[in-house]
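Asker: Contents of work-v6.cif (mmCIF, N, CA, C and O atoms) are below:
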```cif
data_protein
#
loop_
_atom_site.group_PDB
_atom_site.id
_atom_site.type_symbol
_atom_site.label_atom_id
_atom_site.label_comp_id
_atom_site.auth_asym_id
_atom_site.auth_seq_id
_atom_site.Cartn_x
_atom_site.Cartn_y
_atom_site.Cartn_z
ATOM 1 N N MET Q 131 -22.687 10.145 -15.050
ATOM 2 C CA MET Q 131 -23.676 10.542 -16.021
ATOM 3 C C MET Q 131 -24.997 10.831 -15.321
ATOM 4 O O MET Q 131 -25.032 11.579 -14.390
ATOM 5 N N HIS Q 132 -26.048 10.166 -15.735
ATOM 6 C CA HIS Q 132 -27.390 10.498 -15.281
ATOM 7 C C HIS Q 132 -28.099 9.235 -14.807
ATOM 8 O O HIS Q 132 -27.946 8.184 -15.398
ATOM 9 N N SER Q 133 -28.857 9.350 -13.742
ATOM 10 C CA SER Q 133 -29.674 8.215 -13.320
ATOM 11 C C SER Q 133 -31.040 8.727 -12.903
ATOM 12 O O SER Q 133 -31.150 9.713 -12.187
ATOM 13 N N GLU Q 134 -32.073 8.080 -13.398
ATOM 14 C CA GLU Q 134 -33.434 8.438 -13.029
ATOM 15 C C GLU Q 134 -33.780 7.719 -11.731
ATOM 16 O O GLU Q 134 -33.558 6.522 -11.600
ATOM 17 N N LEU Q 135 -34.284 8.433 -10.779
ATOM 18 C CA LEU Q 135 -34.734 7.821 -9.540
ATOM 19 C C LEU Q 135 -36.188 7.405 -9.705
ATOM 20 O O LEU Q 135 -36.975 8.106 -10.326
ATOM 21 N N PRO Q 136 -36.576 6.267 -9.162
ATOM 22 C CA PRO Q 136 -37.978 5.855 -9.273
ATOM 23 C C PRO Q 136 -38.868 6.794 -8.457
ATOM 24 O O PRO Q 136 -38.467 7.294 -7.410
ATOM 25 N N VAL Q 137 -40.052 7.063 -8.983
ATOM 26 C CA VAL Q 137 -40.999 7.897 -8.249
ATOM 27 C C VAL Q 137 -41.774 6.975 -7.313
ATOM 28 O O VAL Q 137 -42.529 6.123 -7.730
ATOM 29 N N ALA Q 138 -41.517 7.119 -6.052
ATOM 30 C CA ALA Q 138 -42.164 6.314 -5.024
ATOM 31 C C ALA Q 138 -42.468 7.231 -3.849
ATOM 32 O O ALA Q 138 -41.873 8.304 -3.736
ATOM 33 N N PRO Q 139 -43.387 6.834 -2.979
ATOM 34 C CA PRO Q 139 -43.676 7.678 -1.819
ATOM 35 C C PRO Q 139 -42.401 8.029 -1.062
ATOM 36 O O PRO Q 139 -41.556 7.175 -0.821
ATOM 37 N N GLY Q 140 -42.248 9.315 -0.763
ATOM 38 C CA GLY Q 140 -41.089 9.757 -0.017
ATOM 39 C C GLY Q 140 -39.879 10.098 -0.862
ATOM 40 O O GLY Q 140 -38.849 10.475 -0.341
ATOM 41 N N THR Q 141 -39.976 9.958 -2.195
ATOM 42 C CA THR Q 141 -38.856 10.324 -3.061
ATOM 43 C C THR Q 141 -39.231 11.551 -3.878
ATOM 44 O O THR Q 141 -40.400 11.832 -4.091
ATOM 45 N N THR Q 142 -38.236 12.246 -4.327
ATOM 46 C CA THR Q 142 -38.446 13.429 -5.146
ATOM 47 C C THR Q 142 -38.133 13.088 -6.589
ATOM 48 O O THR Q 142 -37.066 12.536 -6.872
ATOM 49 N N PRO Q 143 -39.038 13.393 -7.545
ATOM 50 C CA PRO Q 143 -38.744 13.090 -8.939
ATOM 51 C C PRO Q 143 -37.598 13.969 -9.452
ATOM 52 O O PRO Q 143 -37.339 15.039 -8.923
ATOM 53 N N MET Q 144 -36.908 13.486 -10.483
ATOM 54 C CA MET Q 144 -35.823 14.245 -11.092
ATOM 55 C C MET Q 144 -36.380 15.518 -11.708
ATOM 56 O O MET Q 144 -37.527 15.547 -12.149
ATOM 57 N N PRO Q 145 -35.576 16.570 -11.763
ATOM 58 C CA PRO Q 145 -36.038 17.816 -12.367
ATOM 59 C C PRO Q 145 -36.279 17.647 -13.866
ATOM 60 O O PRO Q 145 -35.751 16.719 -14.481
ATOM 61 N N GLU Q 146 -37.063 18.536 -14.415
ATOM 62 C CA GLU Q 146 -37.307 18.538 -15.851
ATOM 63 C C GLU Q 146 -35.976 18.755 -16.565
ATOM 64 O O GLU Q 146 -35.122 19.495 -16.096
ATOM 65 N N HIS Q 147 -35.800 18.099 -17.697
ATOM 66 C CA HIS Q 147 -34.547 18.213 -18.444
ATOM 67 C C HIS Q 147 -34.576 19.486 -19.284
ATOM 68 O O HIS Q 147 -35.447 19.662 -20.127
ATOM 69 N N ARG Q 148 -33.615 20.356 -19.031
ATOM 70 C CA ARG Q 148 -33.462 21.588 -19.816
ATOM 71 C C ARG Q 148 -32.004 21.690 -20.213
ATOM 72 O O ARG Q 148 -31.134 21.832 -19.368
ATOM 73 N N VAL Q 149 -31.768 21.624 -21.505
ATOM 74 C CA VAL Q 149 -30.404 21.619 -22.025
ATOM 75 C C VAL Q 149 -30.024 23.016 -22.506
ATOM 76 O O VAL Q 149 -30.830 23.715 -23.101
ATOM 77 N N ALA Q 150 -28.784 23.391 -22.233
ATOM 78 C CA ALA Q 150 -28.235 24.663 -22.703
ATOM 79 C C ALA Q 150 -26.854 24.404 -23.294
ATOM 80 O O ALA Q 150 -26.165 23.465 -22.898
ATOM 81 N N LEU Q 151 -26.475 25.217 -24.251
ATOM 82 C CA LEU Q 151 -25.149 25.133 -24.836
ATOM 83 C C LEU Q 151 -24.261 26.158 -24.149
ATOM 84 O O LEU Q 151 -24.605 27.335 -24.068
ATOM 85 N N ARG Q 152 -23.147 25.715 -23.617
ATOM 86 C CA ARG Q 152 -22.196 26.593 -22.919
ATOM 87 C C ARG Q 152 -20.922 26.680 -23.749
ATOM 88 O O ARG Q 152 -20.584 25.734 -24.459
ATOM 89 N N GLU Q 153 -20.237 27.789 -23.634
ATOM 90 C CA GLU Q 153 -18.979 27.962 -24.349
ATOM 91 C C GLU Q 153 -17.876 28.327 -23.374
ATOM 92 O O GLU Q 153 -18.098 29.072 -22.422
ATOM 93 N N ARG Q 154 -16.710 27.757 -23.623
ATOM 94 C CA ARG Q 154 -15.525 28.088 -22.839
ATOM 95 C C ARG Q 154 -14.369 28.164 -23.826
ATOM 96 O O ARG Q 154 -13.916 27.142 -24.338
ATOM 97 N N GLY Q 155 -13.938 29.373 -24.113
ATOM 98 C CA GLY Q 155 -12.899 29.555 -25.123
ATOM 99 C C GLY Q 155 -13.406 29.106 -26.477
ATOM 100 O O GLY Q 155 -14.489 29.494 -26.893
ATOM 101 N N SER Q 156 -12.630 28.272 -27.156
ATOM 102 C CA SER Q 156 -13.054 27.798 -28.474
ATOM 103 C C SER Q 156 -13.850 26.495 -28.403
ATOM 104 O O SER Q 156 -14.112 25.868 -29.423
ATOM 105 N N PHE Q 157 -14.255 26.106 -27.208
ATOM 106 C CA PHE Q 157 -14.990 24.854 -27.024
ATOM 107 C C PHE Q 157 -16.428 25.125 -26.603
ATOM 108 O O PHE Q 157 -16.725 26.137 -25.964
ATOM 109 N N ALA Q 158 -17.306 24.201 -26.955
ATOM 110 C CA ALA Q 158 -18.711 24.266 -26.559
ATOM 111 C C ALA Q 158 -19.094 22.916 -25.971
ATOM 112 O O ALA Q 158 -18.542 21.880 -26.342
ATOM 113 N N PHE Q 159 -20.030 22.936 -25.033
ATOM 114 C CA PHE Q 159 -20.539 21.689 -24.477
ATOM 115 C C PHE Q 159 -21.979 21.907 -24.047
ATOM 116 O O PHE Q 159 -22.394 23.017 -23.734
ATOM 117 N N ALA Q 160 -22.739 20.836 -24.083
ATOM 118 C CA ALA Q 160 -24.143 20.890 -23.677
ATOM 119 C C ALA Q 160 -24.233 20.521 -22.206
ATOM 120 O O ALA Q 160 -23.507 19.648 -21.726
ATOM 121 N N THR Q 161 -25.103 21.218 -21.478
ATOM 122 C CA THR Q 161 -25.362 20.895 -20.077
ATOM 123 C C THR Q 161 -26.858 20.751 -19.883
ATOM 124 O O THR Q 161 -27.650 21.346 -20.613
ATOM 125 N N CYS Q 162 -27.247 19.948 -18.909
ATOM 126 C CA CYS Q 162 -28.663 19.731 -18.617
ATOM 127 C C CYS Q 162 -28.933 20.046 -17.158
ATOM 128 O O CYS Q 162 -28.046 19.884 -16.296
ATOM 129 N N SER Q 163 -30.151 20.455 -16.868
ATOM 130 C CA SER Q 163 -30.542 20.772 -15.493
ATOM 131 C C SER Q 163 -30.481 19.550 -14.574
ATOM 132 O O SER Q 163 -30.435 19.704 -13.358
ATOM 133 N N CYS Q 164 -30.440 18.341 -15.145
ATOM 134 C CA CYS Q 164 -30.363 17.130 -14.323
ATOM 135 C C CYS Q 164 -28.936 16.847 -13.855
ATOM 136 O O CYS Q 164 -28.713 15.946 -13.063
ATOM 137 N N GLY Q 165 -27.957 17.609 -14.363
ATOM 138 C CA GLY Q 165 -26.569 17.399 -13.978
ATOM 139 C C GLY Q 165 -25.715 16.783 -15.075
ATOM 140 O O GLY Q 165 -24.496 16.749 -14.968
ATOM 141 N N TRP Q 166 -26.339 16.291 -16.133
ATOM 142 C CA TRP Q 166 -25.607 15.697 -17.252
ATOM 143 C C TRP Q 166 -24.877 16.800 -18.025
ATOM 144 O O TRP Q 166 -25.328 17.934 -18.095
ATOM 145 N N TYR Q 167 -23.726 16.448 -18.609
ATOM 146 C CA TYR Q 167 -23.045 17.356 -19.524
ATOM 147 C C TYR Q 167 -22.272 16.552 -20.550
ATOM 148 O O TYR Q 167 -21.863 15.419 -20.297
ATOM 149 N N SER Q 168 -22.091 17.139 -21.730
ATOM 150 C CA SER Q 168 -21.365 16.462 -22.795
ATOM 151 C C SER Q 168 -19.886 16.813 -22.708
ATOM 152 O O SER Q 168 -19.482 17.698 -21.957
ATOM 153 N N ALA Q 169 -19.112 16.128 -23.504
ATOM 154 C CA ALA Q 169 -17.692 16.462 -23.611
ATOM 155 C C ALA Q 169 -17.545 17.800 -24.327
ATOM 156 O O ALA Q 169 -18.413 18.193 -25.103
ATOM 157 N N ALA Q 170 -16.445 18.502 -24.064
ATOM 158 C CA ALA Q 170 -16.183 19.773 -24.743
ATOM 159 C C ALA Q 170 -15.834 19.482 -26.207
ATOM 160 O O ALA Q 170 -15.077 18.563 -26.499
ATOM 161 N N ARG Q 171 -16.442 20.244 -27.097
ATOM 162 C CA ARG Q 171 -16.257 20.044 -28.540
ATOM 163 C C ARG Q 171 -15.903 21.365 -29.205
ATOM 164 O O ARG Q 171 -16.394 22.405 -28.812
ATOM 165 N N ARG Q 172 -15.107 21.311 -30.252
ATOM 166 C CA ARG Q 172 -14.883 22.512 -31.064
ATOM 167 C C ARG Q 172 -16.091 22.761 -31.960
ATOM 168 O O ARG Q 172 -16.367 23.889 -32.312
ATOM 169 N N SER Q 173 -16.797 21.706 -32.311
ATOM 170 C CA SER Q 173 -17.981 21.811 -33.157
ATOM 171 C C SER Q 173 -19.215 22.102 -32.302
ATOM 172 O O SER Q 173 -19.668 21.254 -31.537
ATOM 173 N N ARG Q 174 -19.746 23.307 -32.444
ATOM 174 C CA ARG Q 174 -20.961 23.664 -31.712
ATOM 175 C C ARG Q 174 -22.144 22.816 -32.166
ATOM 176 O O ARG Q 174 -22.994 22.457 -31.364
ATOM 177 N N ASP Q 175 -22.172 22.482 -33.474
ATOM 178 C CA ASP Q 175 -23.249 21.628 -33.977
ATOM 179 C C ASP Q 175 -23.234 20.257 -33.306
ATOM 180 O O ASP Q 175 -24.287 19.717 -32.954
ATOM 181 N N LEU Q 176 -22.057 19.693 -33.103
ATOM 182 C CA LEU Q 176 -21.952 18.391 -32.440
ATOM 183 C C LEU Q 176 -22.412 18.490 -30.984
ATOM 184 O O LEU Q 176 -23.141 17.625 -30.496
ATOM 185 N N ALA Q 177 -22.030 19.551 -30.299
ATOM 186 C CA ALA Q 177 -22.471 19.739 -28.912
ATOM 187 C C ALA Q 177 -23.996 19.873 -28.849
ATOM 188 O O ALA Q 177 -24.640 19.303 -27.972
ATOM 189 N N ARG Q 178 -24.588 20.605 -29.813
ATOM 190 C CA ARG Q 178 -26.056 20.735 -29.869
ATOM 191 C C ARG Q 178 -26.715 19.382 -30.105
ATOM 192 O O ARG Q 178 -27.721 19.052 -29.483
ATOM 193 N N ARG Q 179 -26.144 18.594 -31.036
ATOM 194 C CA ARG Q 179 -26.711 17.260 -31.317
ATOM 195 C C ARG Q 179 -26.647 16.362 -30.101
ATOM 196 O O ARG Q 179 -27.582 15.612 -29.816
ATOM 197 N N GLU Q 180 -25.534 16.415 -29.353
ATOM 198 C CA GLU Q 180 -25.418 15.594 -28.148
ATOM 199 C C GLU Q 180 -26.463 16.018 -27.113
ATOM 200 O O GLU Q 180 -27.047 15.167 -26.441
ATOM 201 N N GLY Q 181 -26.716 17.314 -26.982
ATOM 202 C CA GLY Q 181 -27.771 17.793 -26.086
ATOM 203 C C GLY Q 181 -29.142 17.318 -26.541
ATOM 204 O O GLY Q 181 -29.958 16.865 -25.732
ATOM 205 N N ALA Q 182 -29.397 17.384 -27.847
ATOM 206 C CA ALA Q 182 -30.675 16.915 -28.390
ATOM 207 C C ALA Q 182 -30.837 15.410 -28.186
ATOM 208 O O ALA Q 182 -31.933 14.930 -27.869
ATOM 209 N N ASP Q 183 -29.748 14.661 -28.349
ATOM 210 C CA ASP Q 183 -29.796 13.209 -28.111
ATOM 211 C C ASP Q 183 -30.133 12.907 -26.652
ATOM 212 O O ASP Q 183 -30.891 11.988 -26.354
ATOM 213 N N HIS Q 184 -29.563 13.677 -25.740
ATOM 214 C CA HIS Q 184 -29.864 13.492 -24.311
ATOM 215 C C HIS Q 184 -31.349 13.725 -24.059
ATOM 216 O O HIS Q 184 -31.997 12.929 -23.371
ATOM 217 N N LEU Q 185 -31.887 14.799 -24.630
ATOM 218 C CA LEU Q 185 -33.315 15.084 -24.444
ATOM 219 C C LEU Q 185 -34.180 13.979 -25.043
ATOM 220 O O LEU Q 185 -35.184 13.573 -24.445
ATOM 221 N N ALA Q 186 -33.806 13.507 -26.210
ATOM 222 C CA ALA Q 186 -34.580 12.437 -26.860
ATOM 223 C C ALA Q 186 -34.559 11.161 -26.020
ATOM 224 O O ALA Q 186 -35.568 10.479 -25.875
ATOM 225 N N GLU Q 187 -33.412 10.852 -25.438
ATOM 226 C CA GLU Q 187 -33.281 9.632 -24.638
ATOM 227 C C GLU Q 187 -34.108 9.689 -23.359
ATOM 228 O O GLU Q 187 -34.651 8.694 -22.912
ATOM 229 N N TYR Q 188 -34.189 10.866 -22.766
ATOM 230 C CA TYR Q 188 -34.894 10.984 -21.483
ATOM 231 C C TYR Q 188 -36.269 11.622 -21.604
ATOM 232 O O TYR Q 188 -36.864 12.014 -20.601
ATOM 233 N N GLY Q 189 -36.764 11.771 -22.828
ATOM 234 C CA GLY Q 189 -38.159 12.130 -23.051
ATOM 235 C C GLY Q 189 -38.533 13.586 -22.850
ATOM 236 O O GLY Q 189 -39.699 13.887 -22.624
ATOM 237 N N ALA Q 190 -37.631 14.524 -22.981
ATOM 238 C CA ALA Q 190 -37.979 15.943 -22.859
ATOM 239 C C ALA Q 190 -38.269 16.528 -24.234
ATOM 240 O O ALA Q 190 -37.775 16.054 -25.233
ATOM 241 N N ASP Q 191 -39.061 17.573 -24.247
ATOM 242 C CA ASP Q 191 -39.402 18.231 -25.504
ATOM 243 C C ASP Q 191 -38.898 19.662 -25.534
ATOM 244 O O ASP Q 191 -39.655 20.609 -25.701
ATOM 245 N N ALA Q 192 -37.589 19.855 -25.390
ATOM 246 C CA ALA Q 192 -36.984 21.197 -25.438
ATOM 247 C C ALA Q 192 -35.799 21.132 -26.380
ATOM 248 O O ALA Q 192 -35.350 20.073 -26.763
ATOM 249 N N SER Q 193 -35.261 22.279 -26.738
ATOM 250 C CA SER Q 193 -34.109 22.300 -27.642
ATOM 251 C C SER Q 193 -32.897 22.904 -26.963
ATOM 252 O O SER Q 193 -33.020 23.645 -26.016
ATOM 253 N N ALA Q 194 -31.747 22.559 -27.476
ATOM 254 C CA ALA Q 194 -30.478 23.044 -26.907
ATOM 255 C C ALA Q 194 -30.191 24.459 -27.329
ATOM 256 O O ALA Q 194 -30.621 24.934 -28.306
#
```
For the file at hand, write its structure as structure tokens.
Answerer:
Amino acid sequence: MHSELPVAPGTTPMPEHRVALRERGSFAFATCSCGWYSAARRSRDLARREGADHLAEYGADASA
């Protein structure tokens, strides 16, 4: 999943969280620039909600 690295001298902060909805066949899944991704879902609304939940948990202000 995802792990935040502490910001300390000599470390690089994690990238800004940007979520996108991807489709593969009849399935959709949310992906984030941090490397996180949701499970593949037939419901695009559910995939969007999971992406929004990820953003809410990690403090980003963007939409899927």
Asker: What separation in Å, quoted to one decimal, exists between atom CA of Q:Cys162 and atom CA of Q:Val149?
Answerer: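 One can read the atom CA of Q:Cys162 to atom CA of Q:Val149 distance as 4.3 Å.
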Asker: I'd like the residues picked by the PyMOL selection byres ((chain Q and resi 171) around 5) written out as a list in words, using the chain letters and numbers from the file.
Answerer: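 Selected by the PyMOL selection byres ((chain Q and resi 171) around 5) here: Ser156, Phe157, Ala158, Phe159, Ala169, Ala170, Arg172 and Ser173 of chain Q.
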Asker: Can you work out the spacing between atom N of Q:Glu146 and atom N of Q:Ser168 in Å, to one decimal?
Answerer: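 Atom-to-atom, atom N of Q:Glu146 to atom N of Q:Ser168, that is 16.7 Å.
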Asker: Output as JSON the centre and edge lengths (Å, one decimal) of the box along x, y and z of the file that holds every listed atom of stretch 155-161 of chain Q after adding 5 Å on each side.
Answerer:
```
{"center_x": -20.1, "center_y": 24.6, "center_z": -24.7, "size_x": 25.0, "size_y": 19.9, "size_z": 19.5}
```
Asker: Please indicate the distance in Å from atom CA of Q:Asp183 to atom CA of Q:Glu153, rounded to one decimal place.
Answerer: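 For atom CA of Q:Asp183 relative to atom CA of Q:Glu153, the distance reads 18.7 Å.
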Asker: Assign secondary structure with DSSP using the backbone only, and return the residues of stretch 141-188 of chain Q in alpha helix (DSSP H) as a count of residues only.
Answerer: 15
Asker: Scan for residues within 12 Å of the point (-23.2, 17.2, -20.2) in the coordinates of the file, using only C-alpha atoms, and reply as a PyMOL selection string.
Answerer: chain Q and resi 131-132+147-152+158-171+177-185+194
Asker: Would you save the residues from that selection as a compact mmCIF listing (two decimals), in the frame of the given file, using N, CA, C and O atoms?
Answerer:
```
# COMPACT_ATOMS: atom_id res chain seq x y z
N MET Q 131 -22.69 10.14 -15.05
CA MET Q 131 -23.68 10.54 -16.02
C MET Q 131 -25.00 10.83 -15.32
O MET Q 131 -25.03 11.58 -14.39
N HIS Q 132 -26.05 10.17 -15.74
CA HIS Q 132 -27.39 10.50 -15.28
C HIS Q 132 -28.10 9.24 -14.81
O HIS Q 132 -27.95 8.18 -15.40
N HIS Q 147 -35.80 18.10 -17.70
CA HIS Q 147 -34.55 18.21 -18.44
C HIS Q 147 -34.58 19.49 -19.28
O HIS Q 147 -35.45 19.66 -20.13
N ARG Q 148 -33.62 20.36 -19.03
CA ARG Q 148 -33.46 21.59 -19.82
C ARG Q 148 -32.00 21.69 -20.21
O ARG Q 148 -31.13 21.83 -19.37
N VAL Q 149 -31.77 21.62 -21.50
CA VAL Q 149 -30.40 21.62 -22.02
C VAL Q 149 -30.02 23.02 -22.51
O VAL Q 149 -30.83 23.72 -23.10
N ALA Q 150 -28.78 23.39 -22.23
CA ALA Q 150 -28.24 24.66 -22.70
C ALA Q 150 -26.85 24.40 -23.29
O ALA Q 150 -26.16 23.46 -22.90
N LEU Q 151 -26.48 25.22 -24.25
CA LEU Q 151 -25.15 25.13 -24.84
C LEU Q 151 -24.26 26.16 -24.15
O LEU Q 151 -24.60 27.34 -24.07
N ARG Q 152 -23.15 25.72 -23.62
CA ARG Q 152 -22.20 26.59 -22.92
C ARG Q 152 -20.92 26.68 -23.75
O ARG Q 152 -20.58 25.73 -24.46
N ALA Q 158 -17.31 24.20 -26.96
CA ALA Q 158 -18.71 24.27 -26.56
C ALA Q 158 -19.09 22.92 -25.97
O ALA Q 158 -18.54 21.88 -26.34
N PHE Q 159 -20.03 22.94 -25.03
CA PHE Q 159 -20.54 21.69 -24.48
C PHE Q 159 -21.98 21.91 -24.05
O PHE Q 159 -22.39 23.02 -23.73
N ALA Q 160 -22.74 20.84 -24.08
CA ALA Q 160 -24.14 20.89 -23.68
C ALA Q 160 -24.23 20.52 -22.21
O ALA Q 160 -23.51 19.65 -21.73
N THR Q 161 -25.10 21.22 -21.48
CA THR Q 161 -25.36 20.90 -20.08
C THR Q 161 -26.86 20.75 -19.88
O THR Q 161 -27.65 21.35 -20.61
N CYS Q 162 -27.25 19.95 -18.91
CA CYS Q 162 -28.66 19.73 -18.62
C CYS Q 162 -28.93 20.05 -17.16
O CYS Q 162 -28.05 19.88 -16.30
N SER Q 163 -30.15 20.45 -16.87
CA SER Q 163 -30.54 20.77 -15.49
C SER Q 163 -30.48 19.55 -14.57
O SER Q 163 -30.44 19.70 -13.36
N CYS Q 164 -30.44 18.34 -15.14
CA CYS Q 164 -30.36 17.13 -14.32
C CYS Q 164 -28.94 16.85 -13.86
O CYS Q 164 -28.71 15.95 -13.06
N GLY Q 165 -27.96 17.61 -14.36
CA GLY Q 165 -26.57 17.40 -13.98
C GLY Q 165 -25.72 16.78 -15.08
O GLY Q 165 -24.50 16.75 -14.97
N TRP Q 166 -26.34 16.29 -16.13
CA TRP Q 166 -25.61 15.70 -17.25
C TRP Q 166 -24.88 16.80 -18.02
O TRP Q 166 -25.33 17.93 -18.10
N TYR Q 167 -23.73 16.45 -18.61
CA TYR Q 167 -23.04 17.36 -19.52
C TYR Q 167 -22.27 16.55 -20.55
O TYR Q 167 -21.86 15.42 -20.30
N SER Q 168 -22.09 17.14 -21.73
CA SER Q 168 -21.36 16.46 -22.80
C SER Q 168 -19.89 16.81 -22.71
O SER Q 168 -19.48 17.70 -21.96
N ALA Q 169 -19.11 16.13 -23.50
CA ALA Q 169 -17.69 16.46 -23.61
C ALA Q 169 -17.55 17.80 -24.33
O ALA Q 169 -18.41 18.19 -25.10
N ALA Q 170 -16.44 18.50 -24.06
CA ALA Q 170 -16.18 19.77 -24.74
C ALA Q 170 -15.83 19.48 -26.21
O ALA Q 170 -15.08 18.56 -26.50
N ARG Q 171 -16.44 20.24 -27.10
CA ARG Q 171 -16.26 20.04 -28.54
C ARG Q 171 -15.90 21.36 -29.20
O ARG Q 171 -16.39 22.40 -28.81
N ALA Q 177 -22.03 19.55 -30.30
CA ALA Q 177 -22.47 19.74 -28.91
C ALA Q 177 -24.00 19.87 -28.85
O ALA Q 177 -24.64 19.30 -27.97
N ARG Q 178 -24.59 20.60 -29.81
CA ARG Q 178 -26.06 20.74 -29.87
C ARG Q 178 -26.72 19.38 -30.10
O ARG Q 178 -27.72 19.05 -29.48
N ARG Q 179 -26.14 18.59 -31.04
CA ARG Q 179 -26.71 17.26 -31.32
C ARG Q 179 -26.65 16.36 -30.10
O ARG Q 179 -27.58 15.61 -29.82
N GLU Q 180 -25.53 16.42 -29.35
CA GLU Q 180 -25.42 15.59 -28.15
C GLU Q 180 -26.46 16.02 -27.11
O GLU Q 180 -27.05 15.17 -26.44
N GLY Q 181 -26.72 17.31 -26.98
CA GLY Q 181 -27.77 17.79 -26.09
C GLY Q 181 -29.14 17.32 -26.54
O GLY Q 181 -29.96 16.86 -25.73
N ALA Q 182 -29.40 17.38 -27.85
CA ALA Q 182 -30.68 16.92 -28.39
C ALA Q 182 -30.84 15.41 -28.19
O ALA Q 182 -31.93 14.93 -27.87
N ASP Q 183 -29.75 14.66 -28.35
CA ASP Q 183 -29.80 13.21 -28.11
C ASP Q 183 -30.13 12.91 -26.65
O ASP Q 183 -30.89 11.99 -26.35
N HIS Q 184 -29.56 13.68 -25.74
CA HIS Q 184 -29.86 13.49 -24.31
C HIS Q 184 -31.35 13.72 -24.06
O HIS Q 184 -32.00 12.93 -23.37
N LEU Q 185 -31.89 14.80 -24.63
CA LEU Q 185 -33.32 15.08 -24.44
C LEU Q 185 -34.18 13.98 -25.04
O LEU Q 185 -35.18 13.57 -24.44
N ALA Q 194 -31.75 22.56 -27.48
CA ALA Q 194 -30.48 23.04 -26.91
C ALA Q 194 -30.19 24.46 -27.33
O ALA Q 194 -30.62 24.93 -28.31
```
